[in-house]
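Structure, as structure tokens:
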Amino acid sequence: MTISESTAQRFTAQDPDVRLMLQVCDDNAGAFEELMQRYQHRVVSLMTHLVGRRDMAEDLAQDIFLRVYRARKRYVPGSKFSTWLYTIANNVASNALRGLARRKEVNLNNGKSGELRGNPLDAVALAASGLMPTRQLDRSELREVVKLAVATLNDRQRMAVLLNKFEHLSYDEIAEVMQLGPTAVKSLLSRARTNLREILEPYLDQGEKPREY
Amino acid sequence: MKPTNSTDDFSHRWEEIVAYLDGELSPAESAQVEQQLAADEQYRRQLQGLQRTWQALDELPAVSVDDNFAKTTMEMVVDVARSDIDAQTLALPIQRRKKRLSTFLLTTASLLLGVLVYRLAWENPNDALLANLPVVQYIDVYSQFRDVEFLRLLSHVLASKNWPNDLESEELQQRVKQFQLVATPESRHQWLNDLPPDDRIALKAKANRFRALSEKQQANLRELQETVAISPDAVELQKTMLQYQHWLNGLPPSEQFELRELSVNDRVHRISRMIDQQTLMDSLELSPEELDTFLRTVRPRLNGLKEEMIQNMSPGERRAFENAPPERKGWHLIRKFGTSSPTHREQLHRIIRDALPDSKREQFEKLSPGEQRERFFGWMQQAMWSEASNRRPGQRRRRIEPTEEQLEEFFVEEVDAATKERLLALPRDEMQQQLLRMIRRNLPVWDWQPHGSQHTRPFSDRPPLSAEFDRRGRGPGPRRHDRRNGSRSDHPPERPRFPPPHPDDR
């Protein structure tokens, strides 16, 4: 997609992170450091909630920052910097999740349980699904149930929810990040939130923990 | 709760509720949803359920990374840069290869410098502080305006004027240089390393204030800082901002607050007027010798008018004067001079004018009658201060040790309402200590009689304190240019308050 001069100027004027990225284009290492400082926690957090593994999330986040650096010479500000960054993050995460899904299939076929168990959120789901001897109404339990509920969303729903809830992206921005139309995003988020409600509401109302997912 | 309509309708209904909660509907669509919410209990429950479960997501733990993440990422970036250049260089003819290599060296040097900055930052737990340092260090002044247009307009309006407490050109250059050091990532760490311990403590306090802001406010301040740092007219903006900060530091908190609340245009014009006023007032400062002459000339002439003044008092004024404690009668009369009949005002004006050196007379005439009175009170107080300081050999300076009763009297009669309110909020001991400090700081008091007459309650015979500062923003301590000569802080005298959030602040 060609980005017009006026669009580039508009985003350059509006977004300080775009201006920093333009300095990165000129090989300013300090600007790259600043951008990384500003986004590292958010990107690692997003990846952790997406793939469910902290170590993998950090690797993916590094990959994202490397891609940002590699793409510096081609960078043209056609949106807010964060939108562009999360587009890269979405691509990296999608590839990783596809890889995880493939490995999970292989493992299930082999029937081995000791290694490469796929998305470890499954383990969380198991732990929260009834193995705990007595129900404790505390925040750590709520946290586990919420993690489980988020893990039950499909990858696209999860990405949309995380971008919307924690990164405060608008539907249009999420559409751009996920390469979807705004209507599709509206529908995606609606389904995601309905799913979350179906899992979380029984727990919040009656303490009923989700069973198997 | 089962859907009663078709699946499509049901999905559409959920989509509308979710989009409504996310603020993604047009005003007309929102109004429709709200109408339905008002009419349909089930619809309302659905919305509440969605809201509740959405809020539960806040329980997802936040994740943060340690310094090692940044370190290894930067190392990887350097490797990427090196491989990129290697690959491109191999494909080139020898001459161009040399050129490419020199570019590579520059790029790598720049990146390595970046890595070095990071390495230093890892050793320092304040890496977040380092990243935000350009905003944190100047948070006090950035919290005073929202847009660089303010600085541009200020610079334009004040182009033909001098700031009353103008920084020496060299000092201003030094401050601009420091601003730029802090703004540049490569030099920031060194600057921080060289910071004296006291300044580190002050910086820490500023960092805490910065952390207390919302993300949106932090982002706004960063944006402001960046514009000041890299605009085409950056140096001019920086000079104006640093001058403004320096000037602002001399104002009492209430005036800083008032200025912040004004629109850009109004604020700039108010500042311009205040500066004109201060310049005029500063031009009327008297040297110690001039003050001494002034007091010696004025005092006998005022004493000569005392009887006439008392005789011309109305019965009510006379009663008030007679009921006043002896040590307050002098000040009582002086105030009366300033506000009574046109004849007396004219007399007082003539006395003051005659006592002034020629060089100050013309400037004095430019003041309004109220300002003239105020300036006169200021001179008298200053003169008394000077007289008390120049004690005779062997004579100790009076140390005020007021009784509790005197403290109470001082509190009731001399302290303005705002200061009273602040003092009353303190524990009793603390309140007494503060009162004592206020009394001592405001020595000497108005001395109606020539020096040497009796003083039983010396602190009480002086004009009322106004939140410890007079209207020109001068504290009871040494005057501004005295402070300039001593060590002074760059921090405004109040904890910065931020302007009300923009409507788009989240």
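Residue numbers start at 1 in each chain; chains themselves are named A, B, ... in the order of the structure tokens; ligands are numbered from 1 in the order shown.
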
Restrict the distance test to only C-alpha atoms, flag each residue of chain A within 7 Å of chain B, and return the flagged residues as an MDAnalysis selection string.
chainID A and resid 16 27:30 34 37 41 44:45 62 66 143 146:147 186:187 190 193 196:197 200:201

With only C-alpha atoms as the counted atoms, please give the residues lying no more than 10 Å from B:Arg301, apart from itself and same-chain residues fewer than 4 positions off, as a JSON list (two decimals) with C-alpha atoms, in the first residue's frame.
```json
[["chain", "number", "residue", "atom", "x", "y", "z"],
["B", 296, "ARG", "CA", 16.78, 59.76, 57.76],
["B", 297, "THR", "CA", 14.91, 62.19, 55.52],
["B", 305, "LEU", "CA", 2.90, 65.26, 60.72],
["B", 306, "LYS", "CA", 1.89, 62.81, 63.40],
["B", 347, "GLN", "CA", 1.79, 65.25, 51.58],
["B", 348, "LEU", "CA", 3.00, 61.70, 51.86],
["B", 351, "ILE", "CA", 7.74, 63.46, 51.44],
["B", 352, "ILE", "CA", 8.62, 60.30, 49.61]]
```

Tell me, as a short mmCIF file (atom, residue, chain, number, x, y, z; two decimals) with N, CA and C atoms, in the first residue's frame, which residues lie within 12 Å of B:Glu168, counting only C-alpha atoms; anything in the same chain fewer than 4 positions away does not count.
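In the end it all went to part.cif:
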```
data_model
loop_
_atom_site.label_atom_id
_atom_site.label_comp_id
_atom_site.auth_asym_id
_atom_site.auth_seq_id
_atom_site.Cartn_x
_atom_site.Cartn_y
_atom_site.Cartn_z
N ASN B 162 13.77 42.66 28.65
CA ASN B 162 14.68 41.81 29.41
C ASN B 162 13.91 41.17 30.54
N TRP B 163 14.20 39.90 30.78
CA TRP B 163 13.61 39.28 31.96
C TRP B 163 14.16 40.02 33.17
N PRO B 164 13.33 40.30 34.17
CA PRO B 164 13.82 41.09 35.30
C PRO B 164 14.96 40.41 36.03
N LEU B 172 23.11 31.15 30.98
CA LEU B 172 22.04 30.63 30.13
C LEU B 172 22.60 29.61 29.13
N GLN B 173 23.73 29.97 28.53
CA GLN B 173 24.37 29.04 27.59
C GLN B 173 24.67 27.71 28.27
N GLN B 174 25.14 27.83 29.50
CA GLN B 174 25.48 26.63 30.27
C GLN B 174 24.24 25.77 30.51
N ARG B 175 23.14 26.42 30.78
CA ARG B 175 21.90 25.68 31.04
C ARG B 175 21.37 25.03 29.76
N LYS B 239 16.08 28.24 25.22
CA LYS B 239 16.46 29.45 25.97
C LYS B 239 15.24 30.06 26.66
N GLN B 243 14.74 30.38 30.66
CA GLN B 243 14.54 31.71 31.25
C GLN B 243 13.23 31.74 32.02
N HIS B 246 13.48 29.94 35.24
CA HIS B 246 14.26 30.73 36.20
C HIS B 246 13.38 31.84 36.80
N ARG B 484 20.11 35.66 43.79
CA ARG B 484 20.83 35.30 42.57
C ARG B 484 22.32 35.16 42.84
N ASN B 485 22.81 35.98 43.75
CA ASN B 485 24.23 35.92 44.02
C ASN B 485 24.62 34.68 44.83
#
```

Of A:Ile64, A:Val76, A:Ala101, A:Val161, the one nearest to A:Thr12 when counting only C-alpha atoms is A:Val76

Just the helix (DSSP H, G or I) stuff from stretch 126-328 of chain B, please, per backbone DSSP, written as a PyMOL selection string.
chain B and resi 127-137+139-142+148-157+169-183+185-193+197-211+215-230+234-248+253-261+264-283+288-311+315-323+326-328

Hey, can you spit out that residue selection with C-alpha atoms as a short mmCIF file (atom, residue, chain, number, x, y, z; two decimals), in the first residue's frame?
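Below is the file that was written, part-v3.cif:
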```
data_model
loop_
_atom_site.label_atom_id
_atom_site.label_comp_id
_atom_site.auth_asym_id
_atom_site.auth_seq_id
_atom_site.Cartn_x
_atom_site.Cartn_y
_atom_site.Cartn_z
CA ASP B 127 17.52 2.48 33.51
CA ALA B 128 13.92 3.62 33.34
CA LEU B 129 14.99 6.92 34.84
CA LEU B 130 17.70 7.15 32.20
CA ALA B 131 15.21 6.70 29.40
CA ASN B 132 12.89 9.37 30.79
CA LEU B 133 15.60 11.66 32.08
CA PRO B 134 15.01 14.51 29.60
CA VAL B 135 11.44 14.85 30.85
CA VAL B 136 12.11 14.02 34.49
CA GLN B 137 14.88 16.58 34.90
CA ILE B 139 9.31 18.07 34.77
CA ASP B 140 8.69 21.23 36.80
CA VAL B 141 8.76 23.52 33.84
CA TYR B 142 7.13 21.07 31.41
CA VAL B 148 5.52 24.82 22.51
CA GLU B 149 3.43 27.53 20.89
CA PHE B 150 3.37 29.08 24.33
CA LEU B 151 7.19 29.33 24.29
CA ARG B 152 7.17 30.73 20.77
CA LEU B 153 4.62 33.38 21.63
CA LEU B 154 6.45 34.21 24.85
CA SER B 155 9.73 34.55 23.00
CA HIS B 156 8.06 36.81 20.42
CA VAL B 157 6.29 39.04 22.93
CA SER B 169 24.37 35.06 29.00
CA GLU B 170 27.08 32.60 30.00
CA GLU B 171 24.90 30.94 32.59
CA LEU B 172 22.04 30.63 30.13
CA GLN B 173 24.37 29.04 27.59
CA GLN B 174 25.48 26.63 30.27
CA ARG B 175 21.90 25.68 31.04
CA VAL B 176 21.07 25.18 27.38
CA LYS B 177 24.13 22.98 27.06
CA GLN B 178 23.01 20.95 30.04
CA PHE B 179 19.52 20.62 28.57
CA GLN B 180 21.03 19.27 25.37
CA LEU B 181 23.31 16.86 27.22
CA VAL B 182 20.34 15.43 29.03
CA ALA B 183 18.29 15.27 25.83
CA PRO B 185 20.88 9.56 24.73
CA GLU B 186 24.63 9.15 24.28
CA SER B 187 25.60 11.82 26.83
CA ARG B 188 22.79 11.32 29.28
CA HIS B 189 24.39 8.58 31.29
CA GLN B 190 27.59 10.49 31.81
CA TRP B 191 25.60 13.52 32.93
CA LEU B 192 23.75 11.36 35.44
CA ASN B 193 27.00 9.85 36.70
CA PRO B 197 24.43 13.70 45.59
CA ASP B 198 22.03 16.53 46.49
CA ASP B 199 20.92 16.89 42.91
CA ARG B 200 20.44 13.14 42.70
CA ILE B 201 18.01 13.32 45.60
CA ALA B 202 16.13 16.12 43.87
CA LEU B 203 16.11 14.10 40.66
CA LYS B 204 14.74 11.10 42.48
CA ALA B 205 11.86 13.19 43.79
CA LYS B 206 11.13 14.40 40.27
CA ALA B 207 11.23 10.83 38.98
CA ASN B 208 8.66 9.87 41.60
CA ARG B 209 6.41 12.69 40.46
CA PHE B 210 6.81 11.55 36.88
CA ARG B 211 5.94 7.96 37.78
CA GLU B 215 0.66 7.00 30.88
CA LYS B 216 -1.14 9.58 28.79
CA GLN B 217 0.30 12.45 30.79
CA GLN B 218 3.75 10.92 30.62
CA ALA B 219 3.42 10.56 26.86
CA ASN B 220 2.29 14.19 26.56
CA LEU B 221 5.31 15.38 28.50
CA ARG B 222 7.64 13.24 26.40
CA GLU B 223 6.17 14.69 23.27
CA LEU B 224 6.57 18.20 24.60
CA GLN B 225 10.17 17.52 25.54
CA GLU B 226 10.92 16.09 22.16
CA THR B 227 9.49 19.08 20.36
CA VAL B 228 11.54 21.42 22.50
CA ALA B 229 14.62 19.28 21.81
CA ILE B 230 14.40 18.82 18.06
CA ALA B 234 14.97 24.29 19.29
CA VAL B 235 17.72 26.51 20.72
CA GLU B 236 15.42 29.52 20.95
CA LEU B 237 12.70 27.37 22.54
CA GLN B 238 15.17 26.00 25.05
CA LYS B 239 16.46 29.45 25.97
CA THR B 240 12.95 30.78 26.44
CA MET B 241 11.92 27.76 28.48
CA LEU B 242 14.94 27.95 30.76
CA GLN B 243 14.54 31.71 31.25
CA TYR B 244 10.89 31.17 32.00
CA GLN B 245 11.72 28.46 34.52
CA HIS B 246 14.26 30.73 36.20
CA TRP B 247 11.75 33.58 36.40
CA LEU B 248 8.94 31.33 37.56
CA PRO B 253 2.96 29.06 44.29
CA SER B 254 -0.33 30.91 44.04
CA GLU B 255 0.90 33.00 41.14
CA GLN B 256 2.41 29.99 39.41
CA PHE B 257 -0.96 28.31 39.74
CA GLU B 258 -2.84 31.32 38.40
CA LEU B 259 -0.56 31.51 35.38
CA ARG B 260 -1.01 27.83 34.62
CA GLU B 261 -4.75 28.23 34.59
CA VAL B 264 -1.82 30.69 26.23
CA ASN B 265 -2.52 34.23 25.02
CA ASP B 266 -3.71 35.49 28.37
CA ARG B 267 -0.78 33.86 30.13
CA VAL B 268 1.80 35.39 27.84
CA HIS B 269 0.28 38.85 28.18
CA ARG B 270 0.03 38.49 31.93
CA ILE B 271 3.68 37.46 32.09
CA SER B 272 4.59 40.42 29.92
CA ARG B 273 2.74 42.79 32.24
CA MET B 274 4.29 41.23 35.33
CA ILE B 275 7.73 41.57 33.82
CA ASP B 276 7.14 45.24 33.00
CA GLN B 277 6.02 45.76 36.55
CA GLN B 278 8.94 43.90 38.05
CA THR B 279 11.38 45.75 35.85
CA LEU B 280 9.96 49.03 37.06
CA MET B 281 9.99 47.92 40.68
CA ASP B 282 13.54 46.61 40.34
CA SER B 283 14.65 49.92 38.89
CA PRO B 288 22.08 50.67 51.36
CA GLU B 289 23.37 54.25 51.35
CA GLU B 290 20.29 55.53 49.53
CA LEU B 291 18.07 53.64 51.95
CA ASP B 292 19.82 55.15 54.90
CA THR B 293 19.43 58.67 53.51
CA PHE B 294 15.81 57.93 52.65
CA LEU B 295 14.98 56.83 56.18
CA ARG B 296 16.78 59.76 57.76
CA THR B 297 14.91 62.19 55.52
CA VAL B 298 11.47 60.66 55.80
CA ARG B 299 11.30 59.81 59.48
CA PRO B 300 11.41 63.34 61.01
CA ARG B 301 8.96 64.69 58.44
CA LEU B 302 6.49 61.89 59.18
CA ASN B 303 6.92 62.46 62.91
CA GLY B 304 6.20 66.15 62.32
CA LEU B 305 2.90 65.26 60.72
CA LYS B 306 1.89 62.81 63.40
CA GLU B 307 -0.03 65.27 65.57
CA GLU B 308 -1.81 66.77 62.61
CA MET B 309 -2.79 63.33 61.42
CA ILE B 310 -4.22 62.38 64.80
CA GLN B 311 -6.17 65.60 65.04
CA PRO B 315 -14.03 59.93 65.78
CA GLY B 316 -14.06 56.27 64.70
CA GLU B 317 -10.49 56.39 63.45
CA ARG B 318 -9.42 58.17 66.56
CA ARG B 319 -11.00 55.51 68.74
CA ALA B 320 -9.31 52.76 66.78
CA PHE B 321 -6.00 54.55 67.00
CA GLU B 322 -6.28 55.12 70.72
CA ASN B 323 -7.31 51.56 71.39
CA PRO B 326 1.33 51.61 71.54
CA GLU B 327 3.71 49.71 69.32
CA ARG B 328 1.08 49.50 66.58
#
```

Quick one: everything within 9 Å of A:Val177, counting only C-alpha atoms, minus sequence neighbours fewer than 4 positions away in the same chain. Send it as a list in words.
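So the residues in contact are Thr83, Trp84, Leu85, Tyr86, Thr87, Ile88, Ala89, Asn90, Asn91, Asp172 and Glu173 of chain A.
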
Would you save the residues from that selection as a CSV table (one decimal), in the first residue's frame, using C-alpha atoms?
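Generated file (again-v3.csv):
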```
chain,number,residue,atom,x,y,z
A,83,THR,CA,0.1,0.1,15.2
A,84,TRP,CA,3.1,-0.7,12.9
A,85,LEU,CA,4.9,-2.5,15.7
A,86,TYR,CA,1.9,-4.6,16.7
A,87,THR,CA,1.5,-5.5,13.0
A,88,ILE,CA,4.9,-7.0,13.1
A,89,ALA,CA,4.1,-8.6,16.5
A,90,ASN,CA,1.0,-10.1,15.0
A,91,ASN,CA,2.9,-11.7,12.2
A,172,ASP,CA,-9.6,0.4,13.1
A,173,GLU,CA,-6.2,0.0,14.5
```

A:Ile199 environment, 12 Å, only C-alpha atoms, sequence neighbours closer than 5 positions dropped, as a ChimeraX atom specification:
/A:125,129,142,145-153,192-194,204-213 /B:49-50,53-54,56

Export of prior selection with C-alpha atoms as a JSON list (two decimals), in the first residue's frame:
```json
[["chain", "number", "residue", "atom", "x", "y", "z"],
["A", 125, "ALA", "CA", -6.50, -25.21, 32.39],
["A", 129, "SER", "CA", -10.35, -27.43, 36.22],
["A", 142, "LEU", "CA", -9.29, -15.64, 39.97],
["A", 145, "VAL", "CA", -9.30, -18.68, 35.93],
["A", 146, "VAL", "CA", -8.89, -15.49, 33.91],
["A", 147, "LYS", "CA", -5.71, -16.87, 32.33],
["A", 148, "LEU", "CA", -7.58, -20.01, 31.49],
["A", 149, "ALA", "CA", -10.48, -18.06, 29.99],
["A", 150, "VAL", "CA", -8.12, -16.07, 27.81],
["A", 151, "ALA", "CA", -6.34, -19.27, 26.78],
["A", 152, "THR", "CA", -9.60, -20.77, 25.56],
["A", 153, "LEU", "CA", -10.01, -18.03, 22.96],
["A", 192, "ALA", "CA", -14.32, -13.22, 22.07],
["A", 193, "ARG", "CA", -16.12, -11.29, 24.77],
["A", 194, "THR", "CA", -19.12, -13.54, 24.65],
["A", 204, "LEU", "CA", -17.78, -14.85, 39.27],
["A", 205, "ASP", "CA", -21.42, -15.58, 40.19],
["A", 206, "GLN", "CA", -21.28, -19.02, 41.77],
["A", 207, "GLY", "CA", -17.60, -19.87, 42.02],
["A", 208, "GLU", "CA", -18.05, -22.51, 39.34],
["A", 209, "LYS", "CA", -14.68, -23.18, 37.78],
["A", 210, "PRO", "CA", -14.41, -23.93, 34.09],
["A", 211, "ARG", "CA", -13.97, -27.59, 33.26],
["A", 212, "GLU", "CA", -12.16, -28.81, 30.17],
["A", 213, "TYR", "CA", -11.00, -26.83, 27.22],
["B", 49, "GLY", "CA", -22.19, -9.28, 32.44],
["B", 50, "LEU", "CA", -19.88, -8.25, 29.62],
["B", 53, "THR", "CA", -16.02, -10.15, 32.79],
["B", 54, "TRP", "CA", -14.06, -7.53, 30.84],
["B", 56, "ALA", "CA", -11.90, -9.36, 35.40]]
```

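The shortest atom-to-atom distance to B:Tyr20, with only C-alpha atoms taken into account, belongs to A:Tyr171 out of A:Arg38, A:Arg72, A:Pro77, A:Tyr171.
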